[in-house]
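Here is the structure we will look at, set down as structure tokens.
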Amino acid sequence: MTPRVLLITAVAIAGVVRGGLLITQGQRLRDDPDAYRAIAICLAETRTFGLIDPETQAGMPTAFRPPLYPRLLSWFVDGDGLAVHRVAALHWVLGLWTVALTADIGRRLFSSLVGLIASVLVTLDPILVTQQSLVMTETLAVTLVTSVWWWIIVFSPIHWSAGEGHASALREITTHVIMRFAIILGLGLLACIFCRPTFLVWGVLLIGLPFVGALWQADRTRFFWCVTSSCIVVVFAVGIGAWTTRNWVRLGAPIWATTHGGYTMLLANNKSFFDYADNADRHSWLPWDRRPWDPAPFFAELSELRSKARQSGLVDGEVSADRFDSEQAIECIRQSPVTFVKAC
């Protein structure tokens, strides 16, 4: 199977499957479970990355969500709000791009058959199929990650002279070419971080581990990783520094990621869920018999706790609310360390 036939086949399968599922599930795009729609509308109407104050109709700055996905959605806001059909088209195109790159990665690393199988698995992945019909970041995040992986495989100078040692393969590559590769790679990783901040860990490992390994390699390989790492660090410093500075100015705290971390931490570490984990042996853990955790009591208790915290002055804004949630989660872990391990 030629590369062209492979890509056409993979994209055609994905187009039909993903498109059909979007048509049947597209009404879910009208929901806004994570406030991305609200931030996008505020950004489009007030030019403020935030939420619209219901009383003044002014934009209230926020860092509750990372900036990339709401910024992308803001381009699809019209007079009636966020255009659902445009978001559906965006997710469909992102899904096809992910599938196409997956097929090409599989072909380059293994064979056309492996590339086709990998693309079909991505097309039918139940999480991706579900998330494409929600206004959430998973669809964009997977596309960005796949794009970064594809860029490394196709354009990394360290692979350009196959059949020769790495040092000789890199000897003819200019510093300009290495810097261009590294800057684009850094921008791709920065986009991943601005989509889902936890990708910073991946970016650090992706660059840091090969750099450490290169310390024992030939001079040219070591030079390649020094230049690559330096360029990416600069890209990270400029991009994350700009977002952090914005949050410091607008929210009064140097938030480099989001003010959502405390809530996420508390969602996984609270008394209600820990009780569920302690009693897990009382019911089956078979997927078809499993009794899921009911978060309703947790949400009710959290609402009451936050209300008391606001009345007492412990919470007076987004940053303090994030800190309050983190403290609640840490206290829960401190009181039940064994259950914390079991829950993990």
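Just remember, in the structure tokens the first chain shown is A, the second B, etc., residues are 1-based per chain, and ligands are 1-based in the order shown.
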
Env of A:Phe64: 8 Å cut, atoms = only C-alpha atoms, seq-sep filter 6 positions within chain, self excluded. Answer as number ranges by chain. A: 258-260, 318

Could you pull out the alpha helix (DSSP H) residues of stretch 82-320 of chain A from DSSP and send them as a PyMOL selection string? chain A and resi 84-109+112-124+126-131+138-155+166-171+175-195+199-214+219-251+261-268+271-278+296-312+318-320

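Closest to A:Leu267 among A:Leu215, A:Ala343, A:Ala242, A:Val87 is A:Ala343, based on only C-alpha atoms.
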
Would you mind listing, for every residue of stretch 123-201 of chain A within 6 Å of stretch 6-28 of chain A, the two atoms forming the shortest contact and the distance between them in Å to one decimal, using only C-alpha atoms, sorted by chain and ascending residue number, as CSV?
```
residue,atom,partner,partner_atom,distance
A:Thr123,CA,A:Ala14,CA,5.5
A:Ser133,CA,A:Gly26,CA,5.6
A:Leu134,CA,A:Arg28,CA,6.0
```

Selection from above, N, CA and C atoms, as a short mmCIF file (atom, residue, chain, number, x, y, z; two decimals), in the first residue's frame, can you write it?
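What landed in again15.cif:
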```cif
data_model
loop_
_atom_site.label_atom_id
_atom_site.label_comp_id
_atom_site.auth_asym_id
_atom_site.auth_seq_id
_atom_site.Cartn_x
_atom_site.Cartn_y
_atom_site.Cartn_z
N THR A 123 -9.48 6.02 15.20
CA THR A 123 -10.81 6.39 14.71
C THR A 123 -11.90 5.90 15.65
N SER A 133 -17.81 15.07 20.62
CA SER A 133 -19.14 15.68 20.65
C SER A 133 -19.35 16.49 21.92
N LEU A 134 -18.25 16.90 22.56
CA LEU A 134 -18.32 17.75 23.76
C LEU A 134 -17.42 18.96 23.56
#
```

Close residues, A:Trp256 itself excluded, 8 Å, only C-alpha atoms, min 2 positions apart in chain, as a ChimeraX atom specification: /A:240-241,243-244,247,254,258

Would you write out those residues with N, CA, C and O atoms, as an mmCIF file, in the first residue's frame?
```
data_model
loop_
_atom_site.group_PDB
_atom_site.id
_atom_site.type_symbol
_atom_site.label_atom_id
_atom_site.label_comp_id
_atom_site.auth_asym_id
_atom_site.auth_seq_id
_atom_site.Cartn_x
_atom_site.Cartn_y
_atom_site.Cartn_z
ATOM 1 N N ILE A 240 5.041 30.755 28.556
ATOM 2 C CA ILE A 240 4.477 30.574 29.899
ATOM 3 C C ILE A 240 4.671 31.838 30.733
ATOM 4 O O ILE A 240 3.811 32.197 31.548
ATOM 5 N N GLY A 241 5.796 32.535 30.501
ATOM 6 C CA GLY A 241 6.027 33.779 31.220
ATOM 7 C C GLY A 241 4.978 34.832 30.890
ATOM 8 O O GLY A 241 4.518 35.572 31.772
ATOM 9 N N TRP A 243 1.828 34.286 29.893
ATOM 10 C CA TRP A 243 0.573 33.874 30.520
ATOM 11 C C TRP A 243 0.618 34.122 32.032
ATOM 12 O O TRP A 243 -0.357 34.590 32.627
ATOM 13 N N THR A 244 1.755 33.824 32.652
ATOM 14 C CA THR A 244 1.907 34.037 34.090
ATOM 15 C C THR A 244 1.818 35.522 34.433
ATOM 16 O O THR A 244 1.170 35.920 35.412
ATOM 17 N N ASN A 247 -1.758 36.753 34.260
ATOM 18 C CA ASN A 247 -2.529 36.355 35.442
ATOM 19 C C ASN A 247 -2.124 37.145 36.676
ATOM 20 O O ASN A 247 -2.966 37.464 37.530
ATOM 21 N N PRO A 254 0.772 34.977 40.446
ATOM 22 C CA PRO A 254 1.525 34.457 39.294
ATOM 23 C C PRO A 254 1.103 33.028 38.941
ATOM 24 O O PRO A 254 1.859 32.065 39.130
ATOM 25 N N THR A 258 -3.426 27.130 35.640
ATOM 26 C CA THR A 258 -4.818 27.547 35.796
ATOM 27 C C THR A 258 -5.156 27.642 37.284
ATOM 28 O O THR A 258 -4.383 27.196 38.140
#
```

Pick out each residue of stretch 58-299 of chain A that DSSP on the backbone tags as strand (DSSP E); I need them as a ChimeraX atom specification. /A:59-61,77-78,81-82

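Candidate residues A:Ile178, A:Ser307, A:Thr48, A:Ala88 were compared for distance to A:Phe76, and the nearest is A:Ala88, using only C-alpha atoms.
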
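Taking atom CA of A:Ala35 and atom CA of A:Cys192 as endpoints, the distance between them is 19.1 Å.
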
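Here the question is which of A:Ala277, A:Ala300, A:Asp325, A:Leu305 gets nearest to A:Cys344 using only C-alpha atoms, and that residue is A:Ala277.
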
Quick one: everything within 6 Å of stretch 326-342 of chain A, counting only C-alpha atoms, minus sequence neighbours fewer than 2 positions away in the same chain. Send it as a PyMOL selection string. chain A and resi 262+266+269-270+323-324+344

Shell of 8 Å around A:Pro295, only C-alpha atoms, local chain residues under 4 positions omitted, as a list in words: Ser272, Phe273 and Phe299 of chain A

Between atom CA of A:Leu187 and atom CA of A:Gly95 - distance in Å to one decimal: 20.7 Å

Distance of atom CA of A:Pro33 from atom CA of A:Ile193, expressed in Å to one decimal place: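 A separation of 20.7 Å between them.
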